[in-house]
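Participant: Please find target.txt (compact mmCIF, C-alpha atoms and all ligand atoms) on the next line:
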```
# COMPACT_ATOMS: atom_id res chain seq x y z
CA MET Y 1 -14.69 15.27 50.06
CA LYS Y 2 -15.95 18.17 48.00
CA ILE Y 3 -13.15 17.75 45.48
CA TYR Y 4 -13.90 14.07 45.22
CA ILE Y 5 -17.57 14.68 44.41
CA LEU Y 6 -16.67 17.32 41.89
CA LEU Y 7 -14.32 14.93 40.14
CA VAL Y 8 -16.96 12.25 40.00
CA ILE Y 9 -19.50 14.65 38.58
CA THR Y 10 -17.06 16.04 36.05
CA SER Y 11 -15.99 12.65 34.79
CA PHE Y 12 -19.60 11.55 34.67
CA THR Y 13 -20.58 14.63 32.70
CA PHE Y 14 -17.64 14.24 30.35
CA GLY Y 15 -18.33 10.59 29.84
CA PHE Y 16 -21.89 11.49 28.95
CA LEU Y 17 -20.84 14.31 26.63
CA GLU Y 18 -18.31 12.10 24.93
CA LYS Y 19 -21.01 9.58 24.14
CA VAL Y 20 -23.20 12.26 22.60
CA VAL Y 21 -20.50 14.12 20.70
CA SER Y 22 -18.46 11.17 19.54
CA ASN Y 23 -21.05 9.55 17.36
CA PRO Y 24 -19.37 9.02 14.96
CA SER Y 25 -16.10 9.18 16.91
CA PRO Y 26 -14.05 12.09 15.57
CA ARG Y 27 -10.89 10.09 15.05
CA PRO Y 28 -11.57 6.38 14.81
CA TYR Y 29 -7.88 5.54 14.31
CA LYS Y 30 -5.28 6.91 16.69
CA ALA Y 31 -2.40 5.63 14.59
CA ILE Y 32 -1.57 3.85 11.35
CA PHE Y 33 1.19 1.28 10.93
CA ASN Y 34 2.01 0.28 7.40
CA LEU Y 35 3.98 -2.58 5.85
CA GLY Y 36 4.41 -2.91 2.11
CA ASP Y 37 6.33 -1.93 -1.01
CA SER Y 38 6.67 1.06 -3.35
CA LEU Y 39 2.91 1.58 -3.45
CA SER Y 40 3.13 2.87 0.13
CA ASP Y 41 6.80 3.64 0.85
CA THR Y 42 7.09 7.22 2.09
CA GLY Y 43 10.89 7.26 2.25
CA ASN Y 44 12.41 4.01 3.58
CA PHE Y 45 13.99 2.89 0.33
CA LEU Y 46 15.54 6.32 -0.17
CA ALA Y 47 16.79 6.30 3.43
CA SER Y 48 18.31 2.85 2.86
CA GLY Y 49 20.53 4.26 0.11
CA ALA Y 50 18.41 3.57 -3.00
CA ILE Y 51 21.50 2.23 -4.73
CA LEU Y 52 19.58 0.50 -7.51
CA PHE Y 53 17.02 3.26 -8.00
CA PRO Y 54 18.72 6.59 -7.21
CA VAL Y 55 16.36 8.65 -9.40
CA ILE Y 56 13.72 8.25 -6.71
CA GLY Y 57 15.57 10.98 -4.81
CA LYS Y 58 15.30 13.51 -7.64
CA PRO Y 59 12.61 15.35 -9.60
CA PRO Y 60 10.30 14.77 -11.36
CA TYR Y 61 9.46 12.43 -8.43
CA GLY Y 62 7.47 14.48 -5.94
CA GLN Y 63 6.94 17.44 -8.29
CA THR Y 64 3.16 17.73 -7.93
CA PHE Y 65 2.54 17.88 -4.21
CA PHE Y 66 5.63 17.88 -2.01
CA LYS Y 67 7.67 19.91 -4.55
CA ARG Y 68 10.66 17.75 -3.67
CA ALA Y 69 11.53 14.08 -3.93
CA THR Y 70 10.55 12.41 -0.66
CA GLY Y 71 11.21 8.83 -1.74
CA ARG Y 72 7.61 8.27 -2.79
CA CYS Y 73 7.36 6.46 -6.13
CA SER Y 74 4.95 8.99 -7.64
CA ASP Y 75 4.57 12.66 -8.55
CA GLY Y 76 2.82 13.31 -5.22
CA ARG Y 77 0.85 11.62 -2.48
CA LEU Y 78 0.22 7.88 -2.24
CA MET Y 79 -2.91 6.07 -1.09
CA ILE Y 80 -1.47 5.86 2.44
CA ASP Y 81 -1.12 9.66 2.49
CA PHE Y 82 -4.77 10.13 1.52
CA ILE Y 83 -5.82 7.59 4.15
CA ALA Y 84 -3.80 9.51 6.77
CA GLU Y 85 -5.47 12.78 5.65
CA ALA Y 86 -8.93 11.24 5.83
CA TYR Y 87 -8.35 10.17 9.45
CA GLU Y 88 -6.70 13.47 10.43
CA LEU Y 89 -3.35 11.83 11.04
CA PRO Y 90 0.05 13.10 9.91
CA TYR Y 91 1.81 11.59 6.89
CA LEU Y 92 3.55 8.47 8.20
CA PRO Y 93 7.24 8.97 8.94
CA PRO Y 94 9.45 6.29 7.36
CA TYR Y 95 10.96 3.98 9.98
CA LEU Y 96 14.49 4.15 8.55
CA ALA Y 97 14.51 7.95 8.76
CA LEU Y 98 13.09 8.31 12.28
CA THR Y 99 14.68 11.00 14.40
CA LYS Y 100 14.10 11.77 18.08
CA ASP Y 101 11.78 14.68 17.33
CA LYS Y 102 9.45 12.57 15.16
CA ASP Y 103 6.04 11.78 16.62
CA ILE Y 104 5.76 8.01 16.32
CA GLN Y 105 2.59 7.72 18.41
CA ARG Y 106 0.35 8.43 15.45
CA GLY Y 107 1.96 5.88 13.20
CA VAL Y 108 5.07 4.73 11.41
CA ASN Y 109 5.68 3.42 7.92
CA PHE Y 110 7.77 0.27 7.43
CA ALA Y 111 7.10 -0.18 3.69
CA VAL Y 112 10.10 -0.28 1.37
CA ALA Y 113 10.02 0.19 -2.40
CA GLY Y 114 10.99 -3.05 -4.11
CA ALA Y 115 10.12 -5.15 -1.06
CA THR Y 116 8.88 -8.69 -1.50
CA ALA Y 117 6.49 -10.75 0.59
CA LEU Y 118 8.99 -13.62 0.53
CA ASP Y 119 12.56 -13.33 1.74
CA ALA Y 120 15.39 -12.74 -0.75
CA LYS Y 121 16.54 -16.35 -0.28
CA PHE Y 122 13.44 -17.63 -2.12
CA PHE Y 123 14.28 -15.79 -5.34
CA ILE Y 124 17.98 -16.60 -5.27
CA GLU Y 125 17.35 -20.30 -4.64
CA ALA Y 126 14.63 -20.52 -7.32
CA GLY Y 127 17.00 -18.88 -9.80
CA LEU Y 128 14.56 -16.01 -10.34
CA ALA Y 129 17.05 -13.31 -9.42
CA LYS Y 130 20.73 -12.96 -8.58
CA TYR Y 131 20.05 -10.13 -6.18
CA LEU Y 132 17.01 -8.07 -5.21
CA TRP Y 133 16.41 -4.31 -5.26
CA THR Y 134 16.04 -4.52 -1.52
CA ASN Y 135 16.30 -7.30 1.04
CA ASN Y 136 13.82 -5.58 3.33
CA SER Y 137 11.03 -8.10 2.85
CA LEU Y 138 7.78 -8.32 4.79
CA SER Y 139 9.38 -10.34 7.62
CA ILE Y 140 12.19 -7.78 8.00
CA GLN Y 141 9.59 -4.98 8.20
CA LEU Y 142 7.69 -6.94 10.82
CA GLY Y 143 10.94 -7.25 12.78
CA TRP Y 144 11.29 -3.45 12.68
CA PHE Y 145 7.79 -3.07 14.08
CA LYS Y 146 8.58 -5.44 16.94
CA LYS Y 147 11.80 -3.58 17.66
CA LEU Y 148 9.96 -0.25 17.78
CA LYS Y 149 7.06 -1.56 19.87
CA PRO Y 150 8.60 -0.82 23.31
CA SER Y 151 8.86 2.85 22.27
CA LEU Y 152 5.17 2.89 21.35
CA CYS Y 153 3.67 1.25 24.43
CA THR Y 154 4.93 -0.69 27.43
CA THR Y 155 2.57 -3.01 29.30
CA LYS Y 156 0.41 -5.53 27.49
CA GLN Y 157 -2.69 -3.67 28.65
CA ASP Y 158 -1.27 -0.38 27.42
CA CYS Y 159 -0.35 -1.89 24.02
CA ASP Y 160 -3.68 -3.66 23.63
CA SER Y 161 -5.73 -0.53 24.19
CA TYR Y 162 -3.46 1.52 21.89
CA PHE Y 163 -3.40 -1.01 19.05
CA LYS Y 164 -7.14 -1.56 19.35
CA ARG Y 165 -7.48 1.98 18.01
CA SER Y 166 -4.73 1.65 15.41
CA LEU Y 167 -5.06 0.66 11.77
CA PHE Y 168 -2.53 -1.83 10.42
CA LEU Y 169 -1.99 -2.00 6.68
CA VAL Y 170 -0.44 -5.23 5.47
CA GLY Y 171 0.43 -4.52 1.86
CA GLU Y 172 -0.03 -4.26 -0.92
CA ILE Y 173 2.86 -6.72 -0.92
CA GLY Y 174 3.62 -9.55 -3.33
CA GLY Y 175 3.63 -7.44 -6.50
CA ASN Y 176 7.43 -7.47 -6.59
CA ASP Y 177 7.59 -11.21 -5.95
CA TYR Y 178 5.50 -11.57 -9.09
CA ASN Y 179 7.61 -9.09 -11.05
CA TYR Y 180 10.70 -11.23 -10.44
CA ALA Y 181 8.84 -14.43 -11.28
CA ALA Y 182 7.18 -12.98 -14.39
CA ILE Y 183 10.37 -11.52 -15.81
CA ALA Y 184 12.61 -14.53 -15.14
CA GLY Y 185 10.12 -17.35 -15.38
CA ASN Y 186 6.94 -18.31 -17.18
CA ILE Y 187 3.26 -18.32 -16.26
CA THR Y 188 3.57 -21.73 -14.53
CA GLN Y 189 6.42 -20.45 -12.43
CA LEU Y 190 4.45 -17.28 -11.73
CA GLN Y 191 1.39 -19.18 -10.54
CA ALA Y 192 3.54 -21.41 -8.35
CA THR Y 193 4.66 -18.30 -6.46
CA VAL Y 194 1.12 -17.46 -5.28
CA PRO Y 195 0.74 -20.00 -2.43
CA PRO Y 196 4.03 -19.06 -0.69
CA VAL Y 197 3.29 -15.32 -1.14
CA VAL Y 198 -0.19 -15.66 0.37
CA GLU Y 199 1.30 -17.75 3.16
CA ALA Y 200 3.86 -15.04 3.94
CA ILE Y 201 1.09 -12.41 4.12
CA THR Y 202 -0.99 -14.69 6.34
CA ALA Y 203 1.98 -15.27 8.66
CA ALA Y 204 2.55 -11.51 8.98
CA ILE Y 205 -1.13 -10.92 9.82
CA ASN Y 206 -1.03 -13.65 12.47
CA GLU Y 207 2.06 -12.13 14.05
CA LEU Y 208 0.54 -8.64 14.08
CA ILE Y 209 -2.61 -9.96 15.74
CA ALA Y 210 -0.43 -11.72 18.33
CA GLU Y 211 1.25 -8.33 18.96
CA GLY Y 212 -2.14 -6.74 19.59
CA ALA Y 213 -3.39 -5.55 16.19
CA ARG Y 214 -7.19 -5.61 15.97
CA GLU Y 215 -7.98 -3.74 12.77
CA LEU Y 216 -6.04 -4.80 9.68
CA LEU Y 217 -6.47 -3.68 6.09
CA VAL Y 218 -5.01 -6.13 3.60
CA PRO Y 219 -4.88 -4.97 -0.03
CA GLY Y 220 -4.90 -7.26 -3.04
CA ASN Y 221 -2.97 -6.77 -6.26
CA PHE Y 222 -3.64 -4.25 -9.04
CA PRO Y 223 -4.67 -5.32 -12.55
CA ILE Y 224 -0.99 -5.71 -13.50
CA GLY Y 225 -1.94 -6.53 -17.10
CA CYS Y 226 -2.76 -2.80 -17.42
CA SER Y 227 0.66 -1.66 -16.21
CA ALA Y 228 2.97 -0.05 -18.79
CA LEU Y 229 5.78 -2.31 -17.52
CA TYR Y 230 3.89 -5.53 -18.33
CA LEU Y 231 2.33 -4.09 -21.49
CA THR Y 232 5.82 -3.25 -22.77
CA LEU Y 233 7.68 -6.39 -21.67
CA PHE Y 234 4.97 -8.81 -22.77
CA ARG Y 235 3.75 -7.00 -25.84
CA SER Y 236 1.87 -9.25 -28.19
CA GLU Y 237 0.90 -9.11 -31.87
CA ASN Y 238 -2.20 -11.12 -31.09
CA LYS Y 239 -5.24 -8.87 -30.45
CA GLU Y 240 -6.85 -11.76 -28.55
CA ASP Y 241 -4.30 -11.28 -25.77
CA TYR Y 242 -5.87 -7.92 -24.85
CA ASP Y 243 -9.15 -7.12 -23.13
CA ASP Y 244 -11.40 -4.22 -24.11
CA SER Y 245 -9.39 -1.83 -21.90
CA GLY Y 246 -6.21 -2.72 -23.81
CA CYS Y 247 -4.80 -4.71 -20.87
CA LEU Y 248 -3.10 -8.11 -21.05
CA LYS Y 249 -5.71 -10.72 -20.15
CA THR Y 250 -3.19 -13.29 -18.86
CA PHE Y 251 -1.70 -10.94 -16.29
CA ASN Y 252 -5.00 -9.50 -15.15
CA GLY Y 253 -6.25 -13.06 -14.79
CA PHE Y 254 -3.16 -13.79 -12.75
CA ALA Y 255 -3.77 -10.79 -10.44
CA GLU Y 256 -7.35 -11.99 -9.94
CA TYR Y 257 -6.03 -15.44 -9.07
CA HIS Y 258 -3.73 -13.96 -6.40
CA ASN Y 259 -6.59 -11.87 -5.04
CA LYS Y 260 -8.91 -14.86 -4.88
CA GLU Y 261 -6.34 -16.90 -2.95
CA LEU Y 262 -5.65 -13.96 -0.63
CA LYS Y 263 -9.37 -13.48 0.07
CA LEU Y 264 -9.75 -17.19 0.88
CA ALA Y 265 -6.82 -16.95 3.29
CA LEU Y 266 -8.39 -13.88 4.94
CA GLU Y 267 -11.65 -15.76 5.39
CA THR Y 268 -9.79 -18.48 7.31
CA LEU Y 269 -7.96 -15.85 9.38
CA ARG Y 270 -11.27 -14.18 10.31
CA LYS Y 271 -12.67 -17.45 11.61
CA LYS Y 272 -9.56 -18.05 13.70
CA ASN Y 273 -9.47 -14.46 14.97
CA PRO Y 274 -13.02 -13.32 15.66
CA HIS Y 275 -11.65 -10.60 17.96
CA ALA Y 276 -9.88 -8.91 15.02
CA ARG Y 277 -11.38 -7.02 12.08
CA ILE Y 278 -9.60 -8.11 8.92
CA LEU Y 279 -10.53 -5.94 5.93
CA TYR Y 280 -9.75 -6.67 2.32
CA ALA Y 281 -8.85 -3.69 0.12
CA ASP Y 282 -9.90 -4.28 -3.45
CA TYR Y 283 -7.24 -2.32 -5.36
CA TYR Y 284 -8.10 -4.33 -8.45
CA GLY Y 285 -11.77 -3.35 -8.51
CA ALA Y 286 -11.09 0.27 -7.55
CA ALA Y 287 -8.50 0.71 -10.32
CA LYS Y 288 -10.34 -1.31 -12.95
CA ARG Y 289 -12.97 1.45 -13.19
CA PHE Y 290 -10.54 3.99 -14.61
CA PHE Y 291 -8.76 1.47 -16.81
CA HIS Y 292 -12.14 0.73 -18.31
CA ALA Y 293 -13.19 4.35 -18.90
CA PRO Y 294 -10.21 6.63 -18.17
CA GLY Y 295 -11.67 9.83 -19.64
CA HIS Y 296 -14.82 9.40 -17.60
CA HIS Y 297 -12.75 9.52 -14.40
CA GLY Y 298 -10.56 12.49 -15.35
CA PHE Y 299 -7.66 10.64 -16.97
CA THR Y 300 -8.06 12.38 -20.31
CA ASN Y 301 -4.65 11.15 -21.50
CA GLY Y 302 -5.63 7.56 -20.86
CA ALA Y 303 -4.72 5.10 -18.15
CA LEU Y 304 -2.14 2.96 -19.94
CA ARG Y 305 0.49 5.43 -21.15
CA ALA Y 306 2.93 6.63 -18.50
CA CYS Y 307 3.23 10.34 -17.81
CA CYS Y 308 6.97 10.11 -17.27
CA GLY Y 309 9.10 7.92 -19.50
CA GLY Y 310 11.42 7.52 -22.46
CA GLY Y 311 9.05 6.78 -25.34
CA GLY Y 312 7.44 3.74 -26.87
CA PRO Y 313 3.73 2.93 -27.20
CA TYR Y 314 3.21 3.10 -23.41
CA ASN Y 315 5.92 5.72 -22.84
CA PHE Y 316 7.87 3.08 -20.95
CA ASN Y 317 11.40 2.39 -22.08
CA ILE Y 318 13.43 0.14 -19.83
CA SER Y 319 16.66 1.88 -20.88
CA ALA Y 320 15.23 5.37 -20.34
CA ARG Y 321 12.93 5.07 -17.35
CA CYS Y 322 11.44 8.09 -15.62
CA GLY Y 323 14.17 10.23 -14.09
CA HIS Y 324 16.91 8.89 -16.39
CA THR Y 325 18.47 10.55 -19.43
CA GLY Y 326 16.18 10.27 -22.41
CA SER Y 327 12.96 10.46 -20.36
CA LYS Y 328 10.68 13.32 -19.55
CA ALA Y 329 7.54 13.98 -17.55
CA CYS Y 330 4.23 15.06 -19.08
CA ALA Y 331 2.89 18.58 -18.55
CA ASP Y 332 -0.12 17.59 -16.47
CA PRO Y 333 0.23 14.34 -14.46
CA SER Y 334 -3.34 14.69 -13.16
CA THR Y 335 -4.61 13.66 -16.61
CA TYR Y 336 -2.65 10.39 -16.49
CA ALA Y 337 -3.20 7.37 -14.25
CA ASN Y 338 0.25 5.90 -14.81
CA TRP Y 339 3.19 7.88 -13.49
CA ASP Y 340 6.47 6.15 -14.41
CA GLY Y 341 5.36 2.94 -16.09
CA ILE Y 342 5.35 0.97 -12.84
CA HIS Y 343 3.64 3.28 -10.34
CA LEU Y 344 0.55 5.44 -10.51
CA THR Y 345 0.10 9.20 -10.36
CA GLU Y 346 -1.12 11.05 -7.28
CA ALA Y 347 -4.42 11.55 -9.13
CA ALA Y 348 -4.87 7.80 -9.56
CA TYR Y 349 -3.88 7.11 -5.95
CA ARG Y 350 -6.37 9.72 -4.73
CA TYR Y 351 -9.07 8.11 -6.83
CA ILE Y 352 -8.37 4.63 -5.42
CA ALA Y 353 -8.03 5.89 -1.82
CA LYS Y 354 -11.48 7.49 -2.09
CA GLY Y 355 -12.84 4.18 -3.32
CA LEU Y 356 -11.42 2.48 -0.21
CA ILE Y 357 -12.51 5.08 2.34
CA TYR Y 358 -15.93 6.13 1.05
CA GLY Y 359 -16.64 3.61 -1.65
CA PRO Y 360 -17.33 -0.06 -1.67
CA PHE Y 361 -13.73 -1.20 -2.16
CA SER Y 362 -12.84 -2.08 1.41
CA TYR Y 363 -14.83 -4.88 2.96
CA PRO Y 364 -15.85 -4.90 5.59
CA PRO Y 365 -15.62 -1.08 5.29
CA LEU Y 366 -13.08 1.10 7.05
CA LYS Y 367 -14.40 3.15 9.96
CA ILE Y 368 -16.09 6.41 9.00
CA SER Y 369 -13.50 9.10 8.34
CA PRO Y 370 -13.90 12.54 9.88
CA ASN Y 371 -12.33 14.24 6.86
CA LYS Y 372 -13.40 14.34 3.24
CA ILE Y 373 -10.61 13.98 0.67
CA ALA Y 374 -10.82 16.79 -1.89
C1 LIG I 401 20.97 -8.40 0.09
O1 LIG I 401 21.65 -9.43 0.78
C2 LIG I 401 22.70 -10.03 0.05
C3 LIG I 401 23.22 -11.24 0.82
O2 LIG I 401 23.43 -10.92 2.16
C4 LIG I 401 23.79 -8.98 -0.23
O3 LIG I 401 24.84 -9.54 -0.98
C5 LIG I 401 23.16 -7.82 -1.01
O4 LIG I 401 24.09 -6.80 -1.19
C6 LIG I 401 21.93 -7.28 -0.29
N1 LIG I 401 21.25 -6.35 -1.18
C7 LIG I 401 20.92 -5.12 -0.85
C8 LIG I 401 20.25 -4.30 -1.91
O5 LIG I 401 21.13 -4.66 0.26
C1 LIG I 402 8.36 -22.90 -16.58
O1 LIG I 402 9.29 -22.79 -15.50
C2 LIG I 402 9.40 -23.96 -14.73
C3 LIG I 402 10.28 -23.66 -13.53
O2 LIG I 402 11.48 -23.04 -13.92
C4 LIG I 402 9.94 -25.09 -15.60
O3 LIG I 402 10.05 -26.28 -14.84
C5 LIG I 402 8.98 -25.32 -16.78
O4 LIG I 402 9.52 -26.28 -17.66
C6 LIG I 402 8.75 -24.01 -17.54
N1 LIG I 402 7.66 -24.22 -18.51
C7 LIG I 402 7.71 -23.81 -19.78
C8 LIG I 402 6.51 -24.08 -20.61
O5 LIG I 402 8.70 -23.26 -20.24
C1 LIG I 403 14.63 3.85 -25.48
O1 LIG I 403 15.69 4.59 -24.92
C2 LIG I 403 16.92 4.42 -25.57
C3 LIG I 403 17.98 5.16 -24.72
O2 LIG I 403 17.61 6.53 -24.55
C4 LIG I 403 16.81 4.93 -26.99
O3 LIG I 403 18.02 4.71 -27.67
C5 LIG I 403 15.66 4.19 -27.70
O4 LIG I 403 15.46 4.73 -28.99
C6 LIG I 403 14.37 4.30 -26.89
N1 LIG I 403 13.33 3.47 -27.50
C7 LIG I 403 12.11 3.93 -27.84
C8 LIG I 403 11.16 2.93 -28.38
O5 LIG I 403 11.80 5.10 -27.74
```
Please rewrite the model in this file as structure tokens.
Facilitator:
Amino acid sequence: MKIYILLVITSFTFGFLEKVVSNPSPRPYKAIFNLGDSLSDTGNFLASGAILFPVIGKPPYGQTFFKRATGRCSDGRLMIDFIAEAYELPYLPPYLALTKDKDIQRGVNFAVAGATALDAKFFIEAGLAKYLWTNNSLSIQLGWFKKLKPSLCTTKQDCDSYFKRSLFLVGEIGGNDYNYAAIAGNITQLQATVPPVVEAITAAINELIAEGARELLVPGNFPIGCSALYLTLFRSENKEDYDDSGCLKTFNGFAEYHNKELKLALETLRKKNPHARILYADYYGAAKRFFHAPGHHGFTNGALRACCGGGGPYNFNISARCGHTGSKACADPSTYANWDGIHLTEAAYRYIAKGLIYGPFSYPPLKISPNKIA
């Protein structure tokens, strides 16, 4: 009897204390699950063999922060790493490299560099590619999540309460679909790829919600017209083709078109799923600030030229890409936004992640983070 009363009092007191202390709650997300491509892959592509991109497993990749190549397509941390830091969670272990001793309860990463929103079949059948860098598309990654789910939680009730406090990142994904279409096709072909890509993202969100996800962050595309890859491949003699940041108008316009379609699809999803919080991450807006005024944001060597590459006006040479013979990395990657012509530097990723977590670039906003990113 005495013990019983004591327990009641204790739990009452604790419940009361929790209410007082946890405002804001110290760790709003218990776990993060991430699907996507090279913008958020923390090692899956490398673990899958990285046959078509072996340099990812060697320096200078990883030189700034991890001091070794982890499979991240950058010199250091990615946006997902800064998000994990902000919510006091560990860096997400890559699904394909999971070992028994890995703590999966606080999140797992399913993203694979080179991954597409659409399945490989789409590109082969449309004649846009003979083979892909990876076949581990969004639907394959979703399959991995479903396979892992019984190890994360068991009963529906258990899963629901766990996922309610988890953050699901769906993307960025689709950028590679557009790379294939842009390189092999034309602008008409490229635009025709948007509806199926947005549909694939929508389908993945619906499935995650059906599995119990309640808080989903869905990023849009970057201003790809500012990427050294596009600037090099689609170089033009016509000044009119460039905006005042030196970016290709057509491709930035295209990225905005994708983002607009994605946002419309998210609006429909929100109406159908009022019990879920579906956030849009505006990578385009967050990055556009430093493309517009790089020096003002610390990128004193500009935002268009890659830090690591094999020469040319944007230091991007397709036959001497970062990590290959004939390329070299700059002395101070923190003064560049572009890392290897295709991906950004840790400094740029930190800048964008801050914009998502503390700034106005996630809407509705992410929950308040207990940690401030330096
Ligand atoms: C993707 O799948 C195709 C067809 O099954 C296969 O031939 C190819 O080797 C796979 N590519 C990779 C990178 O695994
Ligand atoms: C663009 O590509 C599509 C699909 O391959 C093709 O039907 C169309 O004729 C092409 N348009 C131009 C202007 O080349
Ligand atoms: C690109 O790299 C190749 C191979 O190293 C080299 O021969 C070529 O001169 C480079 N092009 C530029 C523009 O630097």
Participant: Counting all atoms listed in the file, what are the residues, protein, DNA or RNA alike, that approach ligand LIG 403 (chain I) to within 9 Å? I want them as a list in words.
Facilitator: Gly310, Gly311, Gly312, Pro313, Asn315, Phe316, Asn317, Ile318, Ser319, Ala320, Arg321, His324, Thr325, Gly326 and Ser327 of chain Y
Participant: Output the neighbourhood of ligand LIG 401 (chain I) as a ChimeraX atom specification, that is, all protein and nucleic acid residues with some atom at most 6 Å from the ligand, counting all atoms listed in the file.
Facilitator: /Y:132-135
Participant: Just the selected residues (C-alpha atoms), exported as a PDB file, in the frame of the given file, please.
Facilitator:
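To be explicit, this is the file written out as again.pdb:
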```pdb
ATOM      1  CA  LEU Y 132      17.010  -8.070  -5.210  1.00  0.00           C
ATOM      2  CA  TRP Y 133      16.410  -4.310  -5.260  1.00  0.00           C
ATOM      3  CA  THR Y 134      16.040  -4.520  -1.520  1.00  0.00           C
ATOM      4  CA  ASN Y 135      16.300  -7.300   1.040  1.00  0.00           C
TER       5      ASN Y 135
END
```
Participant: May I ask for the distance between CA of Asn186 in chain Y and atom C6 of ligand LIG 402 (chain I), given in Å to one decimal place?
Facilitator: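 We find that CA of Asn186 in chain Y and atom C6 of ligand LIG 402 (chain I) lie 6.0 Å from each other.
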Participant: As an exercise, work out the distance from CA of Pro59 in chain Y to CA of Gly36 in chain Y in Å and give it to one decimal place.
Facilitator: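 Between CA of Pro59 in chain Y and CA of Gly36 in chain Y the gap works out to 23.2 Å.
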Participant: Find the residues of chain Y that sit at most 10 Å from ligand LIG 402 (chain I); for each, write down the nearest two atoms and how far apart they are in Å, to one decimal. Count only C-alpha atoms and all ligand atoms. Sort by chain, then by number going up, and give it as CSV.
Facilitator:
```
residue,atom,partner,partner_atom,distance
Y:Ala126,CA,I:LIG402,O2,7.7
Y:Gly127,CA,I:LIG402,O2,8.0
Y:Leu128,CA,I:LIG402,O2,8.5
Y:Ala181,CA,I:LIG402,O1,9.4
Y:Ala184,CA,I:LIG402,O2,8.7
Y:Gly185,CA,I:LIG402,O1,5.5
Y:Asn186,CA,I:LIG402,C1,4.8
Y:Ile187,CA,I:LIG402,C1,6.9
Y:Thr188,CA,I:LIG402,C1,5.3
Y:Gln189,CA,I:LIG402,O1,4.8
Y:Leu190,CA,I:LIG402,O1,8.2
Y:Gln191,CA,I:LIG402,C1,9.9
Y:Ala192,CA,I:LIG402,C3,8.8
```
Participant: Just the number, please: distance in Å from CA of Asp282 in chain Y to CA of Phe299 in chain Y, one decimal.
Facilitator: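 Atom-to-atom, CA of Asp282 in chain Y to CA of Phe299 in chain Y, that is 20.3 Å.
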Participant: When you count only C-alpha atoms, which of these residues is closest to Ala204 in chain Y: Y:Leu96, Y:Leu269, Y:Ile32, Y:Ala69?
Facilitator: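 With only C-alpha atoms as the atom set, the closest residue is Y:Leu269.
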Participant: Where does range 57-137 of chain Y meet range 41-45 of chain Y within 6 Å, residue by residue, with the nearest atom pair and distance in Å to one decimal for each, counting all atoms listed in the file, listed by chain and rising number, as a Markdown table?
Facilitator:
```
| residue | atom | partner | partner_atom | distance |
| --- | --- | --- | --- | --- |
| Y:Thr70 | CA | Y:Gly43 | CA | 5.9 |
| Y:Gly71 | CA | Y:Gly43 | CA | 4.3 |
| Y:Arg72 | CA | Y:Thr42 | CA | 5.0 |
| Y:Pro94 | CA | Y:Asn44 | CA | 5.3 |
| Y:Leu96 | CA | Y:Asn44 | CA | 5.4 |
| Y:Ala111 | CA | Y:Asp41 | CA | 4.8 |
| Y:Val112 | CA | Y:Phe45 | CA | 5.1 |
| Y:Ala113 | CA | Y:Phe45 | CA | 5.5 |
```
Participant: Go ahead and write the selection's residues with C-alpha atoms as a PDB file, in the coordinates of the input.
Facilitator:
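Saved as out-v8.pdb:
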```pdb
ATOM      1  CA  THR Y  70      10.550  12.410  -0.660  1.00  0.00           C
ATOM      2  CA  GLY Y  71      11.210   8.830  -1.740  1.00  0.00           C
ATOM      3  CA  ARG Y  72       7.610   8.270  -2.790  1.00  0.00           C
ATOM      4  CA  PRO Y  94       9.450   6.290   7.360  1.00  0.00           C
ATOM      5  CA  LEU Y  96      14.490   4.150   8.550  1.00  0.00           C
ATOM      6  CA  ALA Y 111       7.100  -0.180   3.690  1.00  0.00           C
ATOM      7  CA  VAL Y 112      10.100  -0.280   1.370  1.00  0.00           C
ATOM      8  CA  ALA Y 113      10.020   0.190  -2.400  1.00  0.00           C
TER       9      ALA Y 113
END
```
Participant: I want to know what sits within 12 Å of Pro360 in chain Y, based on all atoms listed in the file, with residues of the same chain fewer than 3 positions away left out; could you give that as a list in words?
Facilitator: Leu279, Tyr280, Ala281, Asp282, Tyr283, Gly285, Ala286, Ile352, Ala353, Lys354, Gly355, Leu356, Ile357, Tyr363, Pro364, Pro365 and Leu366 of chain Y
Participant: Between Y:Ala97, Y:Ala182, Y:Leu264, Y:Leu138, which has the minimum distance to Phe251 in chain Y (counting all atoms listed in the file)?
Facilitator: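 Once distances to Phe251 in chain Y are computed over all atoms listed in the file, the minimum belongs to Y:Ala182.
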Participant: Might you pull out every residue within 8 Å of Arg214 in chain Y, with only C-alpha atoms counted and same-chain residues fewer than 6 positions away left off, and present them as a count of residues only?
Facilitator: 9
Participant: Mind running range 287-333 of chain Y against range 75-86 of chain Y at 12 Å and telling me each contacting residue's nearest atom pair with the distance in Å (one decimal), counting all atoms listed in the file, chain and number ascending, as JSON lines?
Facilitator:
```
{"residue": "Y:Ala306", "atom": "CA", "partner": "Y:Asp75", "partner_atom": "CA", "distance": 11.7}
{"residue": "Y:Cys307", "atom": "CA", "partner": "Y:Asp75", "partner_atom": "CA", "distance": 9.6}
{"residue": "Y:Cys308", "atom": "CA", "partner": "Y:Asp75", "partner_atom": "CA", "distance": 9.4}
{"residue": "Y:Cys322", "atom": "CA", "partner": "Y:Asp75", "partner_atom": "CA", "distance": 10.9}
{"residue": "Y:Gly323", "atom": "CA", "partner": "Y:Asp75", "partner_atom": "CA", "distance": 11.3}
{"residue": "Y:Ala329", "atom": "CA", "partner": "Y:Asp75", "partner_atom": "CA", "distance": 9.6}
{"residue": "Y:Cys330", "atom": "CA", "partner": "Y:Asp75", "partner_atom": "CA", "distance": 10.8}
{"residue": "Y:Ala331", "atom": "CA", "partner": "Y:Asp75", "partner_atom": "CA", "distance": 11.7}
{"residue": "Y:Asp332", "atom": "CA", "partner": "Y:Asp75", "partner_atom": "CA", "distance": 10.4}
{"residue": "Y:Pro333", "atom": "CA", "partner": "Y:Asp75", "partner_atom": "CA", "distance": 7.5}
```
